[in-house]
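This report concerns only the one structure given below.
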Protein chains: 2
Amino acid sequence: MTHPPLTELPVSPSDPLDRDRYPVDPWRLVETEFSADDLGRAETVFAVGNGYLGLRGNLEEGRDTFAHGTFINGFHETWPIRHAEEAYGFARVGQTIVNVPDAKLIKLYVDDEPLLLTVADLTEYERALDFRSGVLERCLVWRTNSGKRVRVRSHRMVSLPDRHLALLTFEVTVLDHDAPVVISSQLLNRQDGEDEYHVRAHAMGEDPRKAAKFEQRVLQPQVSIGKEERLLLGYRCTNSGMTLAVGAHHQIRTDCRYSMITRAEEDSAKVVLRVDAKAGQSILVSKYISYHTSRGVPARELSDRCRRTLDRAVERGADRVLAEQRAWLDDFWARSDVEIHGQPGLAQALRWNIFQLAQASARAESTGVPAKGVTGPGYGGHYFWDTEVYVAPFLTYTSPPIARNLLRFRYQMLGAARRRAGELNQAGALFPWRTINGEEASAYYAAGTAQYHIDADVSYALSQYVAATGDTDFLDREAADILVETARLFADLGFWRANGTDSFHIHGVTGPDEYTTVVNDNLFTNVMARFNLRRAAAVVHEMAERDHGAYTRLVKRLELQPAEVEEWDRAADAMAIPFDDHLGIHPQDAYFLDREVWDVPRTPHDKQPLLLHYHPLVIYRFQVLKQADVVLALFLQGDQFAPEQKRADFDYYDPITTGDSTLSGCVQSIIASEVGYAELALSYYVPALFVDLADLHQNASDGVHVASTGGSWSAAVFGFGGLRDHGGVLTLDPRLPCSWEALTFRITIHGLRLRVHVASASVQLSIEDVPGDASLDGQAGGQVELSVRGTPVVVRPGEPVVLEMDTHGPVIDGSPSSLALTGARREDGTIITAIVPTA
Amino acid sequence: MTHPPLTELPVSPSDPLDRDRYPVDPWRLVETEFSADDLGRAETVFAVGNGYLGLRGNLEEGRDTFAHGTFINGFHETWPIRHAEEAYGFARVGQTIVNVPDAKLIKLYVDDEPLLLTVADLTEYERALDFRSGVLERCLVWRTNSGKRVRVRSHRMVSLPDRHLALLTFEVTVLDHDAPVVISSQLLNRQDGEDEYHVRAHAMGEDPRKAAKFEQRVLQPQVSIGKEERLLLGYRCTNSGMTLAVGAHHQIRTDCRYSMITRAEEDSAKVVLRVDAKAGQSILVSKYISYHTSRGVPARELSDRCRRTLDRAVERGADRVLAEQRAWLDDFWARSDVEIHGQPGLAQALRWNIFQLAQASARAESTGVPAKGVTGPGYGGHYFWDTEVYVAPFLTYTSPPIARNLLRFRYQMLGAARRRAGELNQAGALFPWRTINGEEASAYYAAGTAQYHIDADVSYALSQYVAATGDTDFLDREAADILVETARLFADLGFWRANGTDSFHIHGVTGPDEYTTVVNDNLFTNVMARFNLRRAAAVVHEMAERDHGAYTRLVKRLELQPAEVEEWDRAADAMAIPFDDHLGIHPQDAYFLDREVWDVPRTPHDKQPLLLHYHPLVIYRFQVLKQADVVLALFLQGDQFAPEQKRADFDYYDPITTGDSTLSGCVQSIIASEVGYAELALSYYVPALFVDLADLHQNASDGVHVASTGGSWSAAVFGFGGLRDHGGVLTLDPRLPCSWEALTFRITIHGLRLRVHVASASVQLSIEDVPGDASLDGQAGGQVELSVRGTPVVVRPGEPVVLEMDTHGPVIDGSPSSLALTGARREDGTIITAIVPTA
């Protein structure tokens with residue numbers, strides 16, 4: 001995604017959603033018209049989930065789908081990776097999230113005619129995902145072939161407070177005539193049946209972002225029970241041995257006469273209602289659903305757990321389940337809402353993104369957050385660095401207990417990471433680039449295992465968490481181990497070079513930008529590794545002073561040597577930071593500027609994203625970025641760069657950044673804001689908000705781009721809000737876009753919730769009431785200290801602070817100064833040879 | 001293979017063969033004792049073949065084997081390559097040579113006791129491969145459990161003059177008693193049965209040098225006939241559609257009474273003889289075998305071709321078939337023999353290597369030469385650059401018609417190579433790194449597709465061929481097209497950089513050394529590309545002058561523009577050649593010297609070869625070579641480097657070259673000879689001679705290292721013989737080892753055979769008689785011109801020339817000066833950090 005030239009930018013960037021079909025609504029995503037043209041996108045943006053369980057927004061009726069999908073975070077099958085050519089240390093065990101049995105399915109027949117939305121005559125239709133109730137609601141009126149009008153109204157939710165529970169309601173009313181009605185509610189194992197998704201995925205061929213396809217039965221049937229209103233199925237994964245049970249309990253409420261048949265087979269179970277429906281009399285089916293999974297507990301025992309979950313829910317009843325959901329979300333929004341005033345379309349889109357963060361993380365306990373949350377099978381359900389760099393900041397500042405869960409998951413992986421470092425011939429621990437079970441599953445090491453920066457990303461996220469919460473308990477018992485082991489990795493991975501002055505180099509790694517790989521002294525990696533080394537040394541010293549017992553245990557546990565701690569600081573101080581004097585910029589790696597320059601603006605649209613149209617060898621030869629790399633370092637390690645350096649770097653990289661990754665736009669937006677490209681910042685931000693809603697990357701059908709949803713929050717709070725927390729010190733320097741009236745956000749600091757309201761001429765700071773559960777630590781003494789544009793400010797409960805502001809940062813007219821692209825044009829017109837002005 | 005310190009070297013390097021078991025013999029490889037301990041190696045070194053058909057040296061009796069194998073050059077099955085992570089342009093179609101039905105099998109039962117060599121009581125045993133008769137002969141006396149002595153004598157040959165014919169004889173004599181004897185001669189499809197090889201290959205796991213394993217039936221039965229003495233089986237490959245027929249005809253000669261049963265099934269066919277053997281009366285079975293294959297001709301038609309081949313051979317009889325074989329080899333040795341005088345062990349080993357070249361190439365018509373010839377399934381039966389750089393020079397100078405066949409095969413691939421260049425976004429043609437059918441089959445691009453130098457290697461070989469033969473017909477009609485299309489590739493692949501002076505750079509490629517990959521300005525690639533560009537331009541100009549018609553056709557055929565031809569010369573003249581002023585050496589690539597230095601001498605043996613014990617990411621970070629890279633450029637483009645440059649480069653690279661590839665030792669030997677490391681040259685040469693004979697790389701069982709056999713010839717002729725042919729001009733500057741009395745070799749130049757006899761104090765040059773078939777061109781006017789140490793010499797038939805020599809090149813005492821390896825030792829003791837003294 002390159003930005004249009006600034007001269008063409010509207011003051012208020014246009015909203016890419018079709019607002020006739022998706023009208024602006026502050027708290028809901030509303031669809032007013034059904035279309036079979038973009039089922040994949042719709043299934044993703046209307047998915048519901050709780051970070052453990054996710055149901056794609058498939059139609060209740062089952063048919064007419066891009067991809068049926070029900071996913072449980074971490075529930076995966078393994079398979080042997082067959083490398084076409086082998087080498088030592090390549091990832092061996094593939095891991096792929098399983099499409100677990102579908103409990104969403106409720107088929108409807110009137111006069112034996114099935115309801116199929118793609119062909120049905122719908123006289124009324126609305127579907128809405130409500131961010132406050134946490135419910136997906138659909139309401140339609142169907143005119144059957146025989147002319148009868150039937151109202152169908154359904155609700156769907158996955159419980160945020162109750163990890164293992166989902167609830168569906170399905171209400172049918174034949175409006176004008178009597179009619180025989182059949183409602184068939186099912187559990188269906190689609191993983192081992194004909195799955196439309198895989199048919200399509202196969203046909204799409206070369207897209208590495210899809211999940212792998214299984215070649216054999218994945219779910220081995222273990223339990224199959226159907227008795228009256230209740231269905232239970234249980235399975236065991238063929239290779240991974242993971243087990244699962246799913247149960248459904250049906251409540252039927254109607255004045256019409258009906259009979260019920262219950263059947264269960266290995267791969268399906270169903271409750272079929274045959275109803276003599278009377279005109280105007282509703283038939284309401286409430287379907288309580290429970291999933292339980294395990295790494296090895298027998299499926300039969302899991303099915304007992306489903307029973308108990310269902311019993312409790314049925315006892316409470318649907319209304320109370322819905323009320324609990326709303327209460328959870330009330331609390332969530334109180335902590336997490338970000339308000340864009342004066343731009344209701346953007347405000348709505350941002351809330352959708354924040355709601356996705358809740359859906360992706362709320363109950364991700366002892367797991368990470370997959371790249372697609374629980375909304376689709378993209379990237380195989382794997383965890384990447386996305387969690388630490390794009391999602392953890394949001395959670396740290398709004399839901400610290402969830403942030404802690406995610407970071408603890410890395411701690412639980414530490415053993416596997418130590419083994420992986422050994423396989424790669426290094427000391428310390430190396431976290432896998434992509435994984436579910438802790439083992440490296442990245443089969444393409446150049447854009448996978450080589451991204452050693454993941455170690456520093458984890459250290460960054462946990463340092464941010466500890467600083468924001470004061471959670472020294474987590475630091476002393478677990479986080480310190482990660483800091484030490486990752487510091488060891490970097491100290492061992494790098495090497496010293498005597499060259500006048502000693503410098504410390506890290507070779508053969510890949511940075512966040514995957515359009516160059518296996519490079520030397522990648523700026524991002526080196527800057528983040530430097531942080532990691534320093535932070536580890538500082539924490540060791542700080543523990544020694546603060547809690548000698550904890551320090552002694554750490555030293556013993558990790559066989560820590562004072563000499564190695566000193567070495568970390570030495571290596572950090574001598575870390576090679578590529579800088580080009582001539583251009584006055586930081587090269588992305590030691591030799592980045594020696595490459596030809598790719599002419600991004602002149603690359604035809606049908607050749608984008610580059611990764612789907614050019615061999616890696618071609619892409620790697622050029623100065624062209626898939627995503628922000630140096631620019632991300634300017635954000636995460638912003639106190640390590642002078643403002644004019646940031647401006648120069650941004651100017652250099654912006655024109656050669658394709659944004660082929662959705663991880664890019666939000667970061668470009670943050671630094672554009674900081675250095676003064678106000679309109680450009682917005683022109684990156686708006687597409688980031690609508691990546692999935694408007695399917696701007698043409699793959700929303702694979703699931704929500706969760707990192708981008710986190711980036712949407714970050715770009716609001718850190719970009720336009722201007723918040724920074726380098727060294728654990730909060731600073732604020734807002735950059736409110738001219739077209740926005742105001743921006744309001746909240747962050748939780750040491751248990752206190754700070755409300756920040758940025759208007760064009762003032763910043764208002766106040767402490768909001770905090771419910772108990774978000775408070776981990778009261779040691780901050782009931783106040784939040786921060787620096788607003790260099791002015792120290794203390795905010796106490798009941799004592800709001802208002803600061804006047806006449807400007808919002810520097811303002812630069814025009815667009816980033818583009819490279820002088822000169823030289824010979826190639827045959828296909830897409831690539832040019834550039835004269836690179838450096839020695 | 002690192003060389004031992006010079007001080008420990010014996011003057012005459014010790015012979016690594018067990019000479020009790022394998023006594024020295026000038027023209028045979030003789031095994032005096034059977035052992036089951038090294039079956040794999042023995043099956044390879046006793047394999048027989050003719051470049052089309054190859055039979056591994058399996059025992060006649062079938063059992064007790066490492067890997068049964070019968071291979072036909074180019075006969076392959078295809079399979080979809082499943083990349084664990086996909087990307088655009090990755091190779092899609094795997095190609096693997098098929099283990100075709102086994103016709104070697106002749107089982108023997110005496111008193112119903114089977115002959116099994118591993119358990120049999122053998123009172124006499126000898127097996128010998130005769131390089132002059134082209135026959136593998138085995139003779140043994142077996143004492144059965146009941147105490148009867150049985151003599152078994154067998155012959156095995158694959159016809160060099162008759163591409164589709166093989167002949168086995170099997171003679172049994174019960175020496176002292178009568179006994180019932182059963183001889184069961186079979187054809188057996190092992191590819192789709194239990195194949196010991198694959199069982200072992202699977203168990204070995206991560207070795208990329210093995211062939212891929214099929215997961216389904218490969219050979220679909222089409223023909224199955226057994227009638228009296230004759231058997232015929234026909235098949236079609238499931239995916240590739242290639243077809244095959246194999247036939248066998250049996251002649252039985254005995255005075256004993258016998259009966260015969262013939263049976264044919266889908267996967268086997270057999271002739272079973274039941275003989276009432278009388279003491280002292282021999283039973284002789286002659287088994288004529290024929291294979292025919294095709295890309296699509298029905299197997300039934302191929303079985304007719306087998307019938308005709310068999311009929312003709314049976315008509316001629318075994319004696320005449322054997323005589324034709326000897327006549328072919330008499331001619332071969334007259335053209336090709338290299339004599340090492342005074343070192344009979346080395347002389348024998350060199351002849352074995354040269355014999356392997358005949359076996360690998362003689363009838364390789366419309367195919368390349370696989371990395372293992374037709375002796376094993378290693379590397380999947382693929383063709384690499386090995387043919388052009390390691391085998392073609394031998395053929396060009398001894399068997400020009402075969403060289404022409406191999407180079408024409410590249411011409412036949414040109415269409416696929418053009419398509420592949422397009423996939424890689426380049427103009428011209430890019431030959432596949434590994435292939436059977438012309439399509440790229442390299443699934444690991446970093447050490448595969450990225451080796452763009454293969455284009456220049458092909459151009460090099462065909463230029464050498466044209467210069468040595470004067471075959472302008474081939475040049476004008478076919479070779480010129482290759483030169484033009486490869487020049488186009490390099491001109492398009494590289495780019496110009498204005499940096500004071502304009503220079504031409506080639507980025508993102510891999511050189512011959514696979515321990516660094518995807519580098520910029522690889523010295524070998526750039527030097528060879530420069531040659532390619534210049535040669536293409538020169539040929540275009542030369543054609544325009546010599547044959548305007550041919551030139552006009554070329555211009556039209558290739559839409560050749562004068563401007564592009566000029567551009568080739570411009571690019572060649574401006575080609576970036578990395579050079580480090582401080583060290584005075586050519587870095588292997590632009591940034592090679594920035595890497596850490598791997599401490600090769602201190603790497604434990606159980607961590608070698610590195611590729612089987614370290615992740616590529618680890619290896620790639622270091623200055624460590626799998627094989628000669630710069631040093632190979634010093635040889636192939638020797639006129640582009642000054643002698644002191646060669647010495648400095650060799651000194652630098654020799655200590656960091658592991659020789660983990662067998663392509664390395666012979667090249668190190670050649671340049672060691674040239675720069676003056678006489679003893680070192682020999683210490684590289686001797687292991688190269690015995691790579692397979694003594695299994696020095698522990699994988700002789702996969703098949704003969706054909707490139708190394710070619711390298712053995714090259715190191716003798718170019719290394720010790722001191723021959724060069726830069727620019728088509730022959731020069732001679734011998735380097736006879738002190739421990740050799742003399743060296744004699746022959747090369748064919750424009751149809752004349754020049755005999756070169758190098759002794760310690762003289763060089764004798766003479767023209768030998770030439771049989772008609774080696775003469776392609778008489779235009780040289782009946783004389784060979786060359787320059788001996790700068791002195792022009794003309795050699796005419798009947799006018800030998802003797803030149804006195806008092807020295808053999810420079811002599812350097814000591815070993816190559818090693819890098820100053822300093823810095824911190826790592827935990828595992830294998831890797832050190834070196835201070836690299838460059839800016």
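Scheme for the structure tokens: letters A, B, ... for chains in order shown; per-chain residue numbers from 1; ligand numbers from 1 in order shown.
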Each chain A residue no farther than 6 Å from chain B, nearest pair in Å, only C-alpha atoms, as a Markdown table:
```
| residue | atom | partner | partner_atom | distance |
| --- | --- | --- | --- | --- |
| A:Ala84 | CA | B:Ala443 | CA | 5.5 |
| A:Glu85 | CA | B:Pro208 | CA | 5.5 |
| A:Glu86 | CA | B:Pro208 | CA | 4.8 |
| A:Ala87 | CA | B:Glu206 | CA | 6.0 |
| A:Tyr88 | CA | B:His615 | CA | 5.0 |
| A:Gly89 | CA | B:His615 | CA | 5.0 |
| A:Glu206 | CA | B:Glu86 | CA | 5.4 |
| A:Pro208 | CA | B:Glu86 | CA | 4.8 |
| A:Ala443 | CA | B:Ala84 | CA | 5.5 |
| A:Tyr444 | CA | B:Glu85 | CA | 6.0 |
| A:Arg497 | CA | B:Ile835 | CA | 5.8 |
| A:Gly508 | CA | B:Arg621 | CA | 5.6 |
| A:Leu612 | CA | B:Tyr88 | CA | 5.5 |
| A:His613 | CA | B:Tyr88 | CA | 5.9 |
| A:Tyr614 | CA | B:Tyr88 | CA | 5.7 |
| A:His615 | CA | B:Gly89 | CA | 5.0 |
| A:Arg621 | CA | B:Gly508 | CA | 5.6 |
| A:Ile835 | CA | B:Arg497 | CA | 5.8 |
```
If DSSP is run on the backbone, what residues of region 3-139 of chain A are strand (DSSP E)? A reply as an MDAnalysis selection string would be ideal. chainID A and resid 28:31 48:49 53:55 70:80 93:99 106:110 113:114 121:130 135:139
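Residue neighbourhood of region 677-686 of chain B, excluding near-sequence residues (fewer than 6 positions): Gly665, Cys666, Ser669 and Ile812 of chain B, at 6 Å, using only C-alpha atoms.
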Keeping only N, CA, C and O atoms, write the selected residues to a file as a CSV table (one decimal), in the first residue's frame.
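Everything below was put into result.csv:
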```csv
chain,number,residue,atom,x,y,z
B,665,GLY,N,38.8,-31.2,-4.2
B,665,GLY,CA,40.2,-31.7,-4.2
B,665,GLY,C,40.9,-31.6,-5.4
B,665,GLY,O,42.1,-31.1,-5.5
B,666,CYS,N,40.3,-32.0,-6.6
B,666,CYS,CA,41.1,-32.0,-7.8
B,666,CYS,C,41.4,-30.6,-8.3
B,666,CYS,O,42.5,-30.3,-8.8
B,669,SER,N,44.2,-29.3,-6.2
B,669,SER,CA,45.4,-29.9,-6.6
B,669,SER,C,46.0,-29.2,-7.8
B,669,SER,O,47.2,-28.9,-7.9
B,812,ILE,N,57.5,-24.0,-3.6
B,812,ILE,CA,57.3,-23.3,-2.4
B,812,ILE,C,57.5,-24.3,-1.2
B,812,ILE,O,56.8,-25.3,-1.2
```
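CA of Asp111 (chain B) is positioned 9.5 Å from CA of Asn145 (chain B).
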Helix (DSSP H, G or I) call set, DSSP backbone run, region 353-396 of chain A, as a list of chain:residue names: A:Asn353, A:Ile354, A:Phe355, A:Gln356, A:Leu357, A:Ala358, A:Gln359, A:Ala360, A:Ser361, A:Gly378, A:Tyr379, A:Gly380, A:Gly381, A:Asp386, A:Thr387, A:Glu388, A:Val389, A:Tyr390, A:Val391, A:Ala392, A:Pro393, A:Phe394, A:Leu395, A:Thr396
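Taking only C-alpha atoms into account, Ser224 (chain A) lies nearest to A:Ala299 out of the set A:Ser714, A:Ala299, A:Leu160, A:Val338.
Closest approach to Gly373 (chain A) from the set A:Ser708, A:Gln281, A:Ser294, A:Asn405 is made by A:Ser708, with distances taken over only C-alpha atoms.
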Counting only C-alpha atoms, what is within 8 Å of Glu43 (chain A), bar same-chain residues fewer than 6 positions away, as a VMD selection string? chain A and resid 56 to 58 66 to 67 701
Selected residues written out, C-alpha atoms, as a CSV table (one decimal), in the first residue's frame:
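Result saved to out.csv:
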```csv
chain,number,residue,atom,x,y,z
A,56,ARG,CA,-16.4,-17.8,11.8
A,57,GLY,CA,-19.3,-15.7,10.6
A,58,ASN,CA,-20.7,-18.6,8.6
A,66,PHE,CA,-16.2,-19.4,1.6
A,67,ALA,CA,-14.9,-21.5,4.4
A,701,SER,CA,-11.2,-14.4,4.1
```
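For Ser185 (chain B), the set of protein, DNA and RNA residues having any atom at most 10 Å away, when counting only C-alpha atoms and skipping those fewer than 5 positions along the same chain, is Glu60, Glu61, Ala103, Lys104, Leu105, Ile106, Lys107, Leu108, Phe170, Leu231, Ala248, His250, Thr262, Ala269, Lys270, Val271, Val272, Leu273, Val285 and Lys287 of chain B.
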Generate the output file for the selected residues, N, CA and C atoms, as a compact mmCIF listing (two decimals), in the first residue's frame.
```
# COMPACT_ATOMS: atom_id res chain seq x y z
N GLU B 60 25.24 -61.56 -8.16
CA GLU B 60 24.31 -62.24 -9.07
C GLU B 60 23.12 -62.82 -8.30
N GLU B 61 23.39 -63.30 -7.08
CA GLU B 61 22.39 -64.06 -6.35
C GLU B 61 21.30 -63.19 -5.73
N ALA B 103 17.76 -57.05 -14.09
CA ALA B 103 17.98 -58.22 -14.96
C ALA B 103 19.23 -58.98 -14.55
N LYS B 104 19.89 -58.53 -13.49
CA LYS B 104 21.17 -59.14 -13.10
C LYS B 104 20.98 -60.46 -12.35
N LEU B 105 19.75 -60.66 -11.90
CA LEU B 105 19.50 -61.70 -10.90
C LEU B 105 19.58 -63.12 -11.48
N ILE B 106 20.49 -63.91 -10.93
CA ILE B 106 20.59 -65.34 -11.28
C ILE B 106 20.85 -66.09 -9.98
N LYS B 107 19.84 -66.77 -9.49
CA LYS B 107 19.98 -67.47 -8.22
C LYS B 107 20.43 -68.91 -8.46
N LEU B 108 21.20 -69.38 -7.52
CA LEU B 108 21.74 -70.73 -7.65
C LEU B 108 21.43 -71.57 -6.42
N PHE B 170 26.90 -67.16 -16.62
CA PHE B 170 26.88 -67.76 -15.29
C PHE B 170 27.18 -69.25 -15.49
N LEU B 231 12.32 -63.65 -21.86
CA LEU B 231 11.46 -62.93 -20.93
C LEU B 231 11.33 -61.48 -21.41
N ALA B 248 15.14 -60.42 -21.79
CA ALA B 248 16.31 -61.28 -21.55
C ALA B 248 16.15 -62.54 -22.39
N HIS B 250 18.03 -66.37 -22.96
CA HIS B 250 18.96 -67.29 -22.30
C HIS B 250 19.48 -68.33 -23.27
N THR B 262 9.49 -71.49 -17.66
CA THR B 262 9.48 -70.04 -17.88
C THR B 262 8.17 -69.47 -17.35
N ALA B 269 9.66 -61.92 -13.93
CA ALA B 269 9.62 -62.99 -14.94
C ALA B 269 10.86 -63.84 -14.72
N LYS B 270 10.73 -65.14 -14.95
CA LYS B 270 11.91 -65.97 -14.68
C LYS B 270 12.00 -67.19 -15.59
N VAL B 271 13.25 -67.58 -15.81
CA VAL B 271 13.56 -68.86 -16.45
C VAL B 271 14.23 -69.69 -15.36
N VAL B 272 13.64 -70.84 -15.06
CA VAL B 272 14.20 -71.70 -14.02
C VAL B 272 14.70 -73.00 -14.66
N LEU B 273 16.00 -73.25 -14.45
CA LEU B 273 16.60 -74.50 -14.97
C LEU B 273 16.74 -75.49 -13.83
N VAL B 285 25.16 -70.62 -18.52
CA VAL B 285 24.00 -69.84 -18.96
C VAL B 285 24.49 -68.49 -19.45
N LYS B 287 23.11 -64.92 -20.56
CA LYS B 287 21.87 -64.15 -20.46
C LYS B 287 22.08 -62.84 -21.21
```
Skipping near chain neighbours, those fewer than 5 positions away, what residues fall within 10 Å of Ser336 (chain B) using only C-alpha atoms, listed as a PyMOL selection string? chain B and resi 329-331+351+354-355+358+394-395+397-399+713+745-748+753
Within 10 Å of Pro562 (chain B), counting only C-alpha atoms, which residues show up once you throw out same-chain ones fewer than 5 positions away? Write them as an MDAnalysis selection string, please. chainID B and resid 537 540:541 555 567
Go through A:Cys738, A:Leu689, A:Leu414, A:Leu187 and flag the residue nearest Val704 (chain A), using only C-alpha atoms for the distances. A:Leu689
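Atom to atom, CA of Leu168 (chain A) and CA of Tyr288 (chain A) stand 6.4 Å apart.
Distance-wise, CA of Leu730 (chain A) and CA of Ser712 (chain A) end up 20.0 Å apart.
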